[in-house]
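Structure data (mmCIF, C-alpha atoms and all ligand atoms) from input_38.cif:
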data_coords
#
loop_
_atom_site.label_atom_id
_atom_site.label_comp_id
_atom_site.auth_asym_id
_atom_site.auth_seq_id
_atom_site.Cartn_x
_atom_site.Cartn_y
_atom_site.Cartn_z
CA MET A 134 -6.35 -19.16 20.27
CA ARG A 135 -5.65 -19.79 16.62
CA ILE A 136 -4.87 -16.68 14.57
CA LEU A 137 -5.06 -16.06 10.83
CA VAL A 138 -3.01 -13.17 9.41
CA VAL A 139 -4.09 -12.11 5.91
CA GLY A 140 -1.33 -10.86 3.61
CA SER A 141 2.23 -11.67 2.58
CA GLY A 142 4.39 -8.62 3.26
CA GLY A 143 6.83 -7.45 5.90
CA ARG A 144 3.91 -5.93 7.78
CA GLU A 145 2.22 -9.32 8.05
CA HIS A 146 5.44 -11.03 9.15
CA ALA A 147 5.80 -8.39 11.89
CA LEU A 148 2.16 -8.86 12.98
CA ALA A 149 2.54 -12.64 13.07
CA TRP A 150 5.87 -12.36 14.93
CA LYS A 151 4.36 -10.09 17.58
CA LEU A 152 1.12 -12.06 17.97
CA LYS A 153 3.08 -15.31 18.31
CA GLN A 154 4.59 -13.89 21.53
CA SER A 155 1.16 -13.67 23.15
CA PRO A 156 0.62 -16.34 25.83
CA GLU A 157 -2.92 -16.76 24.52
CA VAL A 158 -1.85 -17.62 20.98
CA GLN A 159 -1.63 -21.29 20.20
CA GLN A 160 -1.03 -21.28 16.44
CA ILE A 161 -0.59 -18.77 13.63
CA PHE A 162 -1.68 -19.21 10.04
CA CYS A 163 -0.77 -16.75 7.32
CA ALA A 164 -2.55 -16.45 3.98
CA PRO A 165 -0.66 -16.54 1.73
CA GLY A 166 2.39 -15.53 3.85
CA ASN A 167 6.09 -15.64 2.95
CA ALA A 168 9.22 -17.55 3.99
CA GLY A 169 9.34 -15.56 7.23
CA THR A 170 5.78 -16.32 8.33
CA ALA A 171 6.35 -19.99 7.42
CA SER A 172 8.96 -20.14 10.19
CA LEU A 173 6.40 -18.88 12.75
CA GLY A 174 3.43 -21.00 11.79
CA GLU A 175 1.71 -22.35 8.75
CA ASN A 176 1.28 -20.64 5.40
CA VAL A 177 -2.04 -21.23 3.67
CA ALA A 178 -2.22 -20.84 -0.11
CA ILE A 179 -5.29 -18.61 -0.29
CA PRO A 180 -4.87 -15.26 -2.09
CA VAL A 181 -5.82 -12.06 -0.21
CA GLY A 182 -8.62 -11.40 -2.72
CA ASP A 183 -10.37 -14.75 -2.17
CA LEU A 184 -12.59 -13.55 0.65
CA THR A 185 -14.95 -16.55 0.66
CA GLY A 186 -11.97 -18.91 0.65
CA LEU A 187 -10.49 -17.09 3.64
CA ALA A 188 -13.79 -17.18 5.53
CA ARG A 189 -14.17 -20.90 4.79
CA PHE A 190 -10.65 -21.55 6.07
CA ALA A 191 -11.30 -19.53 9.24
CA LYS A 192 -14.48 -21.45 9.95
CA GLN A 193 -13.03 -24.90 9.22
CA ASN A 194 -9.92 -24.27 11.28
CA ARG A 195 -11.64 -22.64 14.27
CA ILE A 196 -9.72 -19.39 13.89
CA GLY A 197 -10.36 -17.18 16.93
CA LEU A 198 -9.18 -13.98 15.31
CA THR A 199 -8.29 -12.94 11.76
CA VAL A 200 -6.01 -9.91 11.37
CA VAL A 201 -6.06 -8.22 7.97
CA GLY A 202 -2.99 -6.56 6.47
CA PRO A 203 -3.86 -5.29 2.97
CA ASP A 204 -6.14 -2.35 2.20
CA GLY A 205 -7.58 -4.15 -0.83
CA SER A 206 -9.15 -6.97 1.22
CA LEU A 207 -10.73 -4.41 3.56
CA ALA A 208 -12.02 -2.29 0.69
CA GLU A 209 -13.60 -5.40 -0.81
CA GLY A 210 -15.45 -6.09 2.42
CA ILE A 211 -13.59 -8.95 4.12
CA SER A 212 -14.71 -7.71 7.55
CA ASP A 213 -18.37 -7.51 6.51
CA LEU A 214 -18.21 -11.07 5.17
CA PHE A 215 -16.49 -12.48 8.27
CA GLN A 216 -18.85 -10.65 10.63
CA SER A 217 -21.90 -11.89 8.73
CA GLN A 218 -20.65 -15.43 9.36
CA GLY A 219 -19.98 -14.83 13.05
CA LEU A 220 -16.19 -14.83 12.54
CA ARG A 221 -14.03 -12.46 14.57
CA ILE A 222 -11.87 -10.13 12.52
CA PHE A 223 -9.62 -7.11 13.07
CA GLY A 224 -10.10 -4.48 10.37
CA PRO A 225 -12.80 -1.98 9.41
CA THR A 226 -15.89 -2.75 7.34
CA LYS A 227 -16.09 -1.81 3.66
CA SER A 228 -18.01 1.32 4.53
CA ALA A 229 -15.46 2.45 7.14
CA ALA A 230 -12.54 1.48 4.85
CA ARG A 231 -13.71 4.16 2.38
CA ILE A 232 -11.63 6.55 4.46
CA GLU A 233 -8.69 5.02 2.55
CA SER A 234 -10.30 3.46 -0.52
CA SER A 235 -11.89 6.72 -1.69
CA LYS A 236 -9.83 9.87 -1.48
CA ILE A 237 -12.97 11.80 -2.46
CA PHE A 238 -14.90 10.33 0.49
CA ALA A 239 -12.03 11.18 2.86
CA LYS A 240 -11.53 14.66 1.46
CA THR A 241 -15.22 15.53 1.55
CA MET A 242 -15.50 14.34 5.12
CA MET A 243 -12.42 16.30 6.19
CA ARG A 244 -13.72 19.41 4.52
CA ASN A 245 -17.16 19.12 6.14
CA ALA A 246 -15.65 18.41 9.55
CA GLY A 247 -13.06 21.19 9.35
CA ILE A 248 -10.13 18.77 9.66
CA PRO A 249 -6.95 20.52 8.49
CA THR A 250 -5.83 19.14 5.14
CA ALA A 251 -4.58 20.43 1.77
CA THR A 252 -7.19 22.48 -0.10
CA ALA A 253 -8.52 20.33 -2.88
CA GLU A 254 -10.95 20.02 -5.74
CA VAL A 255 -12.63 16.86 -6.97
CA PHE A 256 -12.83 16.16 -10.72
CA THR A 257 -15.00 13.61 -12.46
CA SER A 258 -14.42 14.98 -15.97
CA SER A 259 -10.96 15.15 -17.56
CA GLU A 260 -11.86 18.33 -19.48
CA GLU A 261 -12.51 20.16 -16.23
CA ALA A 262 -9.40 18.71 -14.61
CA LEU A 263 -7.30 19.80 -17.60
CA ARG A 264 -8.82 23.26 -17.47
CA HIS A 265 -7.85 23.41 -13.79
CA CYS A 266 -4.26 22.47 -14.72
CA GLU A 267 -4.06 25.55 -16.99
CA SER A 268 -4.77 28.01 -14.19
CA ALA A 269 -3.16 26.25 -11.20
CA SER A 270 -0.01 27.50 -9.51
CA TYR A 271 2.62 24.77 -9.34
CA PRO A 272 3.51 22.31 -7.88
CA ILE A 273 0.13 20.60 -7.46
CA VAL A 274 -0.71 17.11 -6.24
CA ILE A 275 -2.90 14.82 -8.33
CA LYS A 276 -4.46 11.81 -6.62
CA ALA A 277 -6.43 8.92 -8.09
CA ASP A 278 -9.64 8.51 -6.08
CA GLY A 279 -9.28 4.76 -5.51
CA LEU A 280 -6.57 2.32 -4.39
CA ALA A 281 -3.53 2.20 -6.66
CA LEU A 282 -0.88 0.21 -4.75
CA GLY A 283 0.53 3.39 -3.25
CA LYS A 284 1.29 4.79 -6.71
CA GLY A 285 -1.82 6.88 -7.27
CA VAL A 286 -0.32 10.15 -6.04
CA VAL A 287 1.65 12.33 -8.44
CA ILE A 288 3.34 15.58 -7.50
CA ALA A 289 3.24 17.62 -10.70
CA PRO A 290 5.98 20.28 -10.77
CA ASP A 291 4.58 21.95 -13.88
CA ARG A 292 1.67 22.10 -16.31
CA ALA A 293 3.09 19.51 -18.74
CA VAL A 294 3.36 16.82 -16.07
CA ALA A 295 -0.05 17.74 -14.66
CA ARG A 296 -1.67 17.44 -18.08
CA SER A 297 -0.12 14.09 -18.90
CA THR A 298 -0.97 12.75 -15.42
CA VAL A 299 -4.62 13.76 -15.71
CA ASP A 300 -4.75 12.26 -19.18
CA ALA A 301 -3.13 8.98 -18.04
CA MET A 302 -5.38 8.61 -15.01
CA MET A 303 -8.69 9.82 -16.34
CA ASN A 304 -8.60 9.02 -20.06
CA ARG A 305 -6.17 6.11 -20.32
CA ALA A 306 -7.18 4.25 -17.16
CA ARG A 307 -3.59 4.12 -15.87
CA PHE A 308 -4.99 2.86 -12.53
CA GLY A 309 -8.14 1.29 -13.94
CA ASP A 310 -11.32 2.59 -12.37
CA ALA A 311 -9.35 3.94 -9.38
CA GLY A 312 -8.21 6.92 -11.47
CA ARG A 313 -11.43 7.76 -13.30
CA ARG A 314 -12.08 10.41 -10.68
CA VAL A 315 -9.26 12.47 -9.21
CA VAL A 316 -8.54 14.91 -6.42
CA ILE A 317 -6.22 17.80 -7.26
CA GLU A 318 -4.77 19.51 -4.24
CA GLN A 319 -2.41 22.07 -2.89
CA PHE A 320 1.22 20.98 -2.39
CA LEU A 321 2.14 21.11 1.29
CA ARG A 322 5.63 21.66 2.67
CA GLY A 323 6.84 20.24 5.94
CA SER A 324 7.93 16.99 7.51
CA GLU A 325 5.87 13.82 7.20
CA CYS A 326 4.76 11.63 10.05
CA SER A 327 2.83 8.34 10.14
CA LEU A 328 0.53 7.75 13.10
CA HIS A 329 -0.93 4.42 14.13
CA VAL A 330 -4.14 4.71 16.10
CA LEU A 331 -6.20 1.88 17.62
CA PHE A 332 -9.72 3.16 17.00
CA ASP A 333 -12.53 1.24 18.71
CA GLY A 334 -15.57 2.92 17.20
CA SER A 335 -15.91 5.69 19.75
CA SER A 336 -12.50 6.23 21.33
CA TYR A 337 -8.87 5.64 20.49
CA GLN A 338 -5.31 5.18 21.72
CA LEU A 339 -2.20 6.16 19.84
CA LEU A 340 -0.20 3.07 18.86
CA GLY A 341 3.09 4.68 18.01
CA THR A 342 4.45 7.15 15.54
CA ALA A 343 6.87 6.58 12.68
CA ARG A 344 8.58 8.30 9.83
CA ASP A 345 8.46 6.50 6.50
CA HIS A 346 10.90 7.06 3.62
CA LYS A 347 8.80 6.71 0.48
CA ARG A 348 11.21 7.63 -2.29
CA ALA A 349 13.30 4.88 -3.86
CA PHE A 350 16.76 6.47 -3.62
CA ASP A 351 19.01 8.32 -1.17
CA GLY A 352 18.32 11.98 -0.61
CA ASP A 353 14.61 11.44 -1.30
CA GLU A 354 15.22 11.02 -5.02
CA GLY A 355 13.49 8.72 -7.47
CA PRO A 356 9.97 7.38 -7.70
CA ASN A 357 7.57 6.87 -4.80
CA THR A 358 7.54 3.34 -3.41
CA GLY A 359 5.47 1.59 -0.75
CA GLY A 360 8.23 2.66 1.67
CA MET A 361 12.00 2.01 1.74
CA GLY A 362 12.56 2.36 5.47
CA ALA A 363 11.17 3.82 8.65
CA VAL A 364 12.10 5.07 12.08
CA SER A 365 9.95 4.95 15.18
CA PRO A 366 9.12 7.06 17.08
CA ALA A 367 8.97 10.02 14.69
CA THR A 368 11.58 12.45 16.00
CA THR A 369 9.39 15.43 15.15
CA TRP A 370 6.47 14.28 17.31
CA THR A 371 5.80 16.23 20.53
CA GLU A 372 3.23 16.29 23.32
CA ARG A 373 1.92 19.56 21.95
CA LEU A 374 1.38 17.93 18.56
CA GLU A 375 -0.39 15.05 20.24
CA GLN A 376 -2.84 17.52 21.81
CA ARG A 377 -3.37 19.28 18.52
CA PHE A 378 -3.85 15.94 16.78
CA ASP A 379 -6.58 15.07 19.28
CA GLN A 380 -8.36 18.41 19.15
CA GLU A 381 -7.99 19.31 15.49
CA ILE A 382 -8.12 15.89 13.86
CA MET A 383 -9.44 13.02 16.00
CA GLN A 384 -12.29 14.80 17.77
CA PRO A 385 -13.80 16.25 14.56
CA LEU A 386 -13.16 12.95 12.74
CA MET A 387 -15.02 10.96 15.38
CA ALA A 388 -17.93 13.42 15.22
CA ALA A 389 -18.00 13.25 11.41
CA LEU A 390 -17.98 9.44 11.34
CA LYS A 391 -20.82 9.42 13.85
CA GLU A 392 -22.77 11.81 11.67
CA GLU A 393 -22.18 9.54 8.65
CA LYS A 394 -23.22 6.56 10.81
CA VAL A 395 -19.89 4.88 10.06
CA GLU A 396 -18.38 2.87 12.87
CA PHE A 397 -14.64 2.39 12.47
CA HIS A 398 -13.03 -0.46 14.41
CA GLY A 399 -9.45 -1.13 13.47
CA LEU A 400 -6.14 0.53 12.86
CA LEU A 401 -6.43 4.08 11.62
CA PHE A 402 -3.22 5.35 10.08
CA PRO A 403 -3.26 9.07 9.40
CA GLY A 404 -0.38 10.31 7.26
CA LEU A 405 0.37 13.85 8.40
CA MET A 406 2.40 16.72 7.05
CA LEU A 407 3.72 18.84 9.88
CA THR A 408 3.64 22.30 8.35
CA LEU A 409 4.57 25.67 9.83
CA GLU A 410 0.85 26.28 10.35
CA GLY A 411 0.33 22.97 12.16
CA PRO A 412 -0.47 19.35 11.33
CA ARG A 413 -2.31 18.64 8.05
CA VAL A 414 -3.79 15.28 7.07
CA LEU A 415 -2.30 13.99 3.79
CA GLU A 416 -4.41 10.85 3.88
CA PHE A 417 -6.09 8.36 6.15
CA ASN A 418 -5.23 4.68 5.82
CA CYS A 419 -7.39 2.02 7.43
CA ARG A 420 -4.71 -0.61 8.16
CA PHE A 421 -1.20 -1.04 9.51
CA GLY A 422 1.58 0.66 7.53
CA ASP A 423 4.35 -1.14 5.71
CA PRO A 424 7.20 -0.63 6.72
CA GLU A 425 5.93 1.41 9.72
CA THR A 426 4.66 -1.74 11.46
CA GLN A 427 8.10 -3.33 11.26
CA ALA A 428 9.53 -0.31 13.13
CA ILE A 429 6.68 0.14 15.64
CA LEU A 430 5.97 -3.42 16.82
CA PRO A 431 9.52 -4.28 18.00
CA ARG A 432 9.16 -1.31 20.39
CA LEU A 433 5.83 -2.51 21.77
CA LYS A 434 6.31 -4.30 25.09
CA SER A 435 2.60 -4.97 25.67
CA ASP A 436 0.89 -8.02 24.27
CA LEU A 437 -0.69 -7.00 20.94
CA LEU A 438 -3.57 -9.48 21.10
CA PRO A 439 -5.58 -7.83 23.93
CA LEU A 440 -5.10 -4.46 22.21
CA LEU A 441 -6.65 -5.79 19.00
CA GLN A 442 -9.45 -7.49 20.95
CA ALA A 443 -10.25 -4.29 22.86
CA THR A 444 -10.35 -2.34 19.58
CA ILE A 445 -12.94 -4.77 18.22
CA ASP A 446 -14.94 -4.73 21.47
CA GLY A 447 -14.99 -0.96 21.85
CA ASN A 448 -12.97 -0.69 25.06
CA ILE A 449 -9.47 0.30 23.96
CA LYS A 450 -9.33 2.90 26.75
CA THR A 451 -9.15 0.08 29.33
CA GLN A 452 -5.81 -1.04 27.91
CA GLN A 453 -2.39 0.10 28.97
CA ILE A 454 0.22 0.28 26.21
CA ILE A 455 3.81 -0.15 27.36
CA TRP A 456 6.77 0.79 25.18
CA ASP A 457 10.43 0.02 24.94
CA GLN A 458 11.75 3.58 25.09
CA ARG A 459 14.52 2.84 22.60
CA PRO A 460 14.09 3.96 19.00
CA ALA A 461 13.86 1.53 16.09
CA VAL A 462 15.27 1.83 12.59
CA THR A 463 13.97 -0.27 9.69
CA VAL A 464 15.78 -0.62 6.36
CA VAL A 465 14.00 -2.21 3.39
CA LEU A 466 15.99 -4.37 0.96
CA ALA A 467 14.42 -4.31 -2.48
CA SER A 468 14.84 -6.07 -5.82
CA GLY A 469 16.75 -4.10 -8.46
CA GLY A 470 14.22 -2.15 -10.55
CA TYR A 471 11.52 -1.87 -7.85
CA PRO A 472 9.04 -0.03 -7.87
CA ASP A 473 9.00 -0.73 -11.62
CA LYS A 474 9.95 -4.01 -13.26
CA TYR A 475 12.24 -6.38 -11.34
CA GLU A 476 13.35 -10.01 -11.45
CA THR A 477 12.56 -12.59 -8.79
CA GLY A 478 13.85 -16.03 -7.79
CA LYS A 479 17.25 -14.77 -6.59
CA PRO A 480 18.64 -16.84 -3.69
CA ILE A 481 19.21 -14.86 -0.48
CA THR A 482 22.19 -15.48 1.82
CA GLY A 483 23.20 -14.15 5.23
CA LEU A 484 19.74 -14.13 6.85
CA ALA A 485 20.84 -16.08 9.93
CA GLU A 486 23.97 -13.93 10.44
CA ALA A 487 21.86 -10.78 10.28
CA ALA A 488 19.23 -12.12 12.68
CA ALA A 489 21.92 -13.17 15.17
CA ILE A 490 22.88 -9.55 15.86
CA GLU A 491 21.54 -8.29 19.18
CA ASP A 492 18.23 -6.40 19.01
CA VAL A 493 17.83 -7.07 15.28
CA GLN A 494 14.73 -8.54 13.63
CA VAL A 495 14.73 -9.58 9.99
CA PHE A 496 11.19 -9.38 8.62
CA HIS A 497 10.48 -11.08 5.33
CA ALA A 498 8.33 -9.49 2.60
CA GLY A 499 8.83 -10.81 -0.95
CA THR A 500 10.48 -14.12 -0.09
CA ARG A 501 9.71 -17.75 -0.85
CA GLN A 502 11.29 -20.93 0.47
CA THR A 503 11.90 -23.94 -1.73
CA GLY A 504 13.64 -26.78 0.07
CA SER A 505 16.40 -25.15 2.08
CA VAL A 506 16.74 -22.15 -0.26
CA ILE A 507 15.05 -18.82 0.46
CA ALA A 508 14.73 -16.70 -2.68
CA THR A 509 13.24 -13.35 -3.65
CA SER A 510 9.62 -13.26 -4.85
CA GLY A 511 8.65 -9.59 -4.78
CA GLY A 512 9.74 -5.95 -5.03
CA ARG A 513 10.30 -5.29 -1.37
CA VAL A 514 12.16 -8.38 -0.18
CA LEU A 515 13.10 -7.84 3.47
CA ALA A 516 12.76 -5.24 6.21
CA VAL A 517 15.57 -5.25 8.75
CA THR A 518 14.79 -3.57 12.08
CA ALA A 519 17.19 -2.75 14.89
CA LEU A 520 16.63 -1.18 18.29
CA GLY A 521 19.33 0.93 19.93
CA ASP A 522 19.82 3.23 22.90
CA THR A 523 20.04 6.11 20.44
CA MET A 524 18.85 6.51 16.88
CA ALA A 525 22.50 6.41 15.79
CA THR A 526 23.10 3.05 17.50
CA ALA A 527 19.88 1.61 16.10
CA ARG A 528 20.87 2.82 12.67
CA ALA A 529 24.39 1.38 12.87
CA ARG A 530 23.02 -1.97 14.01
CA ALA A 531 20.39 -2.08 11.28
CA TYR A 532 22.98 -1.40 8.58
CA GLN A 533 25.40 -3.91 10.13
CA ALA A 534 22.66 -6.54 9.75
CA VAL A 535 21.83 -5.37 6.22
CA SER A 536 25.47 -5.79 5.20
CA CYS A 537 25.29 -9.51 6.09
CA ILE A 538 22.50 -10.12 3.56
CA GLN A 539 23.03 -10.64 -0.15
CA PHE A 540 21.00 -11.40 -3.24
CA GLU A 541 21.49 -10.50 -6.88
CA GLY A 542 20.24 -7.01 -7.67
CA CYS A 543 19.65 -6.07 -4.01
CA TYR A 544 19.34 -2.36 -3.36
CA TYR A 545 18.47 -0.30 -0.31
CA ARG A 546 18.70 3.27 0.87
CA ARG A 547 21.79 4.14 2.83
CA ASP A 548 20.36 7.25 4.45
CA ILE A 549 17.49 5.85 6.55
CA ALA A 550 17.47 7.56 9.98
CA LEU A 551 20.23 10.01 9.03
CA THR A 552 19.41 13.32 10.70
CA SER A 553 19.43 15.05 7.33
CA THR A 554 16.56 12.90 6.06
CA MET A 555 14.36 13.23 9.12
CA ALA A 556 13.74 16.96 9.40
P1 LIG B 601 -0.69 9.72 0.09
O1 LIG B 601 -0.87 8.35 -0.52
O2 LIG B 601 -1.85 10.63 -0.05
O3 LIG B 601 -0.06 9.70 1.48
O4 LIG B 601 0.49 10.35 -0.76
C1 LIG B 601 1.72 9.70 -0.93
C2 LIG B 601 2.84 10.68 -0.67
O5 LIG B 601 2.68 11.80 -1.55
C3 LIG B 601 2.81 11.27 0.73
O6 LIG B 601 3.45 10.44 1.64
C4 LIG B 601 3.54 12.57 0.49
O7 LIG B 601 4.93 12.35 0.41
C5 LIG B 601 3.06 12.98 -0.88
N1 LIG B 601 1.91 13.90 -0.78
C6 LIG B 601 0.59 13.56 -0.78
N2 LIG B 601 -0.19 14.65 -0.70
C7 LIG B 601 0.63 15.72 -0.65
C8 LIG B 601 0.45 17.13 -0.55
N3 LIG B 601 -0.77 17.67 -0.54
N4 LIG B 601 1.54 17.91 -0.50
C9 LIG B 601 2.79 17.37 -0.55
N5 LIG B 601 3.03 16.08 -0.65
C10 LIG B 601 1.98 15.23 -0.70
N1 LIG B 602 4.27 3.05 4.20
C1 LIG B 602 3.06 3.64 3.80
C2 LIG B 602 1.89 2.78 3.78
O1 LIG B 602 1.87 1.70 4.32
O2 LIG B 602 0.89 3.21 3.22
#
Taking this structure as input, can you express it in the form of structure tokens?
Ligand code: AMP
Ligand code: GLY
Amino acid sequence: MRILVVGSGGREHALAWKLKQSPEVQQIFCAPGNAGTASLGENVAIPVGDLTGLARFAKQNRIGLTVVGPDGSLAEGISDLFQSQGLRIFGPTKSAARIESSKIFAKTMMRNAGIPTATAEVFTSSEEALRHCESASYPIVIKADGLALGKGVVIAPDRAVARSTVDAMMNRARFGDAGRRVVIEQFLRGSECSLHVLFDGSSYQLLGTARDHKRAFDGDEGPNTGGMGAVSPATTWTERLEQRFDQEIMQPLMAALKEEKVEFHGLLFPGLMLTLEGPRVLEFNCRFGDPETQAILPRLKSDLLPLLQATIDGNIKTQQIIWDQRPAVTVVLASGGYPDKYETGKPITGLAEAAAIEDVQVFHAGTRQTGSVIATSGGRVLAVTALGDTMATARARAYQAVSCIQFEGCYYRRDIALTSTMA
């Protein structure tokens, strides 16, 4: 089978790397891909937003399965388009992707279904939102309704920040149309956990847990990023939590989607806050996480392809998922300045030395190859994953590999998988 992976990040490199190991996979294409995916197959210069171009490519090249990375392509309806042309694709339809692309849709559904989440109010007028800011008790969390590259959530510690955030989102179009409507919600305390669930329309299987590190700097300081590192499994996850997740979140969610006549086939990624009162849903994503995927997939012993196929076909329960019991630690190497402005085009050295270390995988994100030189081309440049018998061994190995790699302006967190950051 010929596979097309849509996207160009570390997540897509990890997906392509794992799918390439399937005995059924003959060739992998990645659109547009990066220097890492180029080493596994063929990069195709079609942007993730060019849905008709992607469908045309899939048809012309007899692609047996397209796997979609980015939320934006799903929200724009890539799956609807492919399905209407008889092309097989992994990822929810536009309607089902609203669970991520509209926080208002997700919040309303959670509220109606009784799914535990932060108490929230929806605002479509900035005057009302500003009035709410006057009487709220702080901190509060302000979320743009639509997709905002992971930057649409602001934790406002006080009234001044809340006011300026509402003004920027609602009046000054800081996130374009995505922020014209906002959700303002209660600030939850606890430890965060990312779940990956293969959801086949009517049943599901858990595909791993992870803990992401979203802040840019050590000690959870600095701005929110797409994610600066991850560990898998999440050390806080227990069998009891898994039962509660099923009963309190997945069962009511499946009933609510049925009621809405929305059929979700794909990867559901609930972001949870584990509070003293129990698990609370912070958000639902409708695609693989980045960098969670880079930590989860190296632990997956089973072939990924049949799992994706079964999710599309509605029989995920027939699949057995086998894990490497060892934990994984992923460290992201970023360009100086990320998540704000940064420079690109910096040559990267030490990639082969890092990859030669036992149980280490170097996943590329913002990289580009010109001739024999691999250089930076994005904010998050690489994600280095290591497995180890213990979290400490995995961590030491990951950082040993990271220390081999150099490029101008490179920065990374030094506290990924430290016990103090995982509680
Ligand atoms: P989201 O995109 O909704 O997951 O939000 C991004 C990040 O903001 C989350 O990973 C949390 O760290 C934080 N966050 C979101 N909602 C809340 C909340 N209600 N309370 C505390 N932190 C939150
Ligand atoms: N790492 C968080 C995300 O992929 O949304």
Collect all residues with atoms no farther than 10 Å from ligand LIG 601 (chain B), counting all atoms listed in the file, and output them as a ChimeraX atom specification. /A:233,236,250-253,272-277,280-288,317-327,344-348,353,357-360,403-406,413-418
Which residue of A:Glu209, A:Glu476, A:Asp333, A:Glu145 approaches Leu401 in chain A most closely, using all atoms listed in the file: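 Going through A:Glu209, A:Glu476, A:Asp333, A:Glu145 one by one, the smallest distance to Leu401 in chain A is for A:Asp333.
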For a quick check of understanding, using only C-alpha atoms and all ligand atoms, which of A:Gly478, A:Gly422, A:Gly166, A:Gly341 has the smallest distance to ligand LIG 602 (chain B)? A:Gly422
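Closest to Pro431 in chain A among A:Pro249, A:Pro480, A:Gly521, A:Gly469 is A:Gly521, based on all atoms listed in the file.
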Kindly compute an axis-aligned box around the listed atoms of ligand LIG 602 (chain B), allowing 8 Å on each side, and express its centre and edge lengths in Å to one decimal as lines of an AutoDock Vina configuration file.
center_x = 2.6
center_y = 2.7
center_z = 3.8
size_x = 19.4
size_y = 17.9
size_z = 17.1
Report the distance between CA of Arg530 in chain A and CA of Arg547 in chain A in Å, rounded to one decimal place.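 CA of Arg547 in chain A lies 12.8 Å from CA of Arg530 in chain A.
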Could you pull out every residue with an atom within 12 Å of (0.5, 28.1, -13.3), file coordinates, counting only C-alpha atoms, and send them as a PyMOL selection string? chain A and resi 264-273+289-296
Rounded to one decimal in Å, what is the spacing between CA of Thr298 in chain A and CA of Asp473 in chain A?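 Computing it gives 17.2 Å between the two atoms.
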Gap from CA of Ile382 in chain A to CA of Ser228 in chain A - Å, one decimal: 19.9 Å
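Among A:Asp423, A:Glu375, A:Glu393, A:Glu157, the residue with the shortest atom-to-atom distance to ligand LIG 602 (chain B), counting all atoms listed in the file, is A:Asp423.
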May I have the protein, DNA and RNA residues with an atom at most 10 Å from (25.3, -7.0, 1.9), counting all atoms listed in the file in the file's coordinates, returned as a list of chain:residue names?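 Here is the list of nearby residues: A:Leu466, A:Thr482, A:Gly483, A:Ala487, A:Tyr532, A:Gln533, A:Ala534, A:Val535, A:Ser536, A:Cys537, A:Ile538, A:Gln539, A:Phe540, A:Cys543, A:Tyr544, A:Tyr545.
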Prev. selection, C-alpha atoms, output as a short mmCIF file (atom, residue, chain, number, x, y, z; two decimals), in the frame of the given file:
data_model
loop_
_atom_site.label_atom_id
_atom_site.label_comp_id
_atom_site.auth_asym_id
_atom_site.auth_seq_id
_atom_site.Cartn_x
_atom_site.Cartn_y
_atom_site.Cartn_z
CA LEU A 466 15.99 -4.37 0.96
CA THR A 482 22.19 -15.48 1.82
CA GLY A 483 23.20 -14.15 5.23
CA ALA A 487 21.86 -10.78 10.28
CA TYR A 532 22.98 -1.40 8.58
CA GLN A 533 25.40 -3.91 10.13
CA ALA A 534 22.66 -6.54 9.75
CA VAL A 535 21.83 -5.37 6.22
CA SER A 536 25.47 -5.79 5.20
CA CYS A 537 25.29 -9.51 6.09
CA ILE A 538 22.50 -10.12 3.56
CA GLN A 539 23.03 -10.64 -0.15
CA PHE A 540 21.00 -11.40 -3.24
CA CYS A 543 19.65 -6.07 -4.01
CA TYR A 544 19.34 -2.36 -3.36
CA TYR A 545 18.47 -0.30 -0.31
#
For Gly224 in chain A, find every residue with an atom within 10 Å (counting only C-alpha atoms), except residues of its own chain fewer than 2 positions away, and show them as a PyMOL selection string. chain A and resi 199-204+206-207+210-213+221-222+226-227+229-230+397-401+419-421+441+444-445
Rank A:Arg305, A:Arg144, A:Lys391, A:Arg189 by their smallest atom-to-atom distance to ligand LIG 602 (chain B), using all atoms listed in the file, and report the top residue only.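 Closest candidate: A:Arg144.
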Which residue, A:Ile136, A:Ala171, A:Val465, A:Ala527, has the smallest gap to ligand LIG 602 (chain B) when you use only C-alpha atoms and all ligand atoms?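 That would be A:Val465, the residue with the smallest distance to ligand LIG 602 (chain B).
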For range 503-517 of chain A, find every residue with an atom within 6 Å (counting all atoms listed in the file), except residues of its own chain fewer than 5 positions away, and show them as number ranges by chain. A: 463-468, 471, 477-481, 494-498
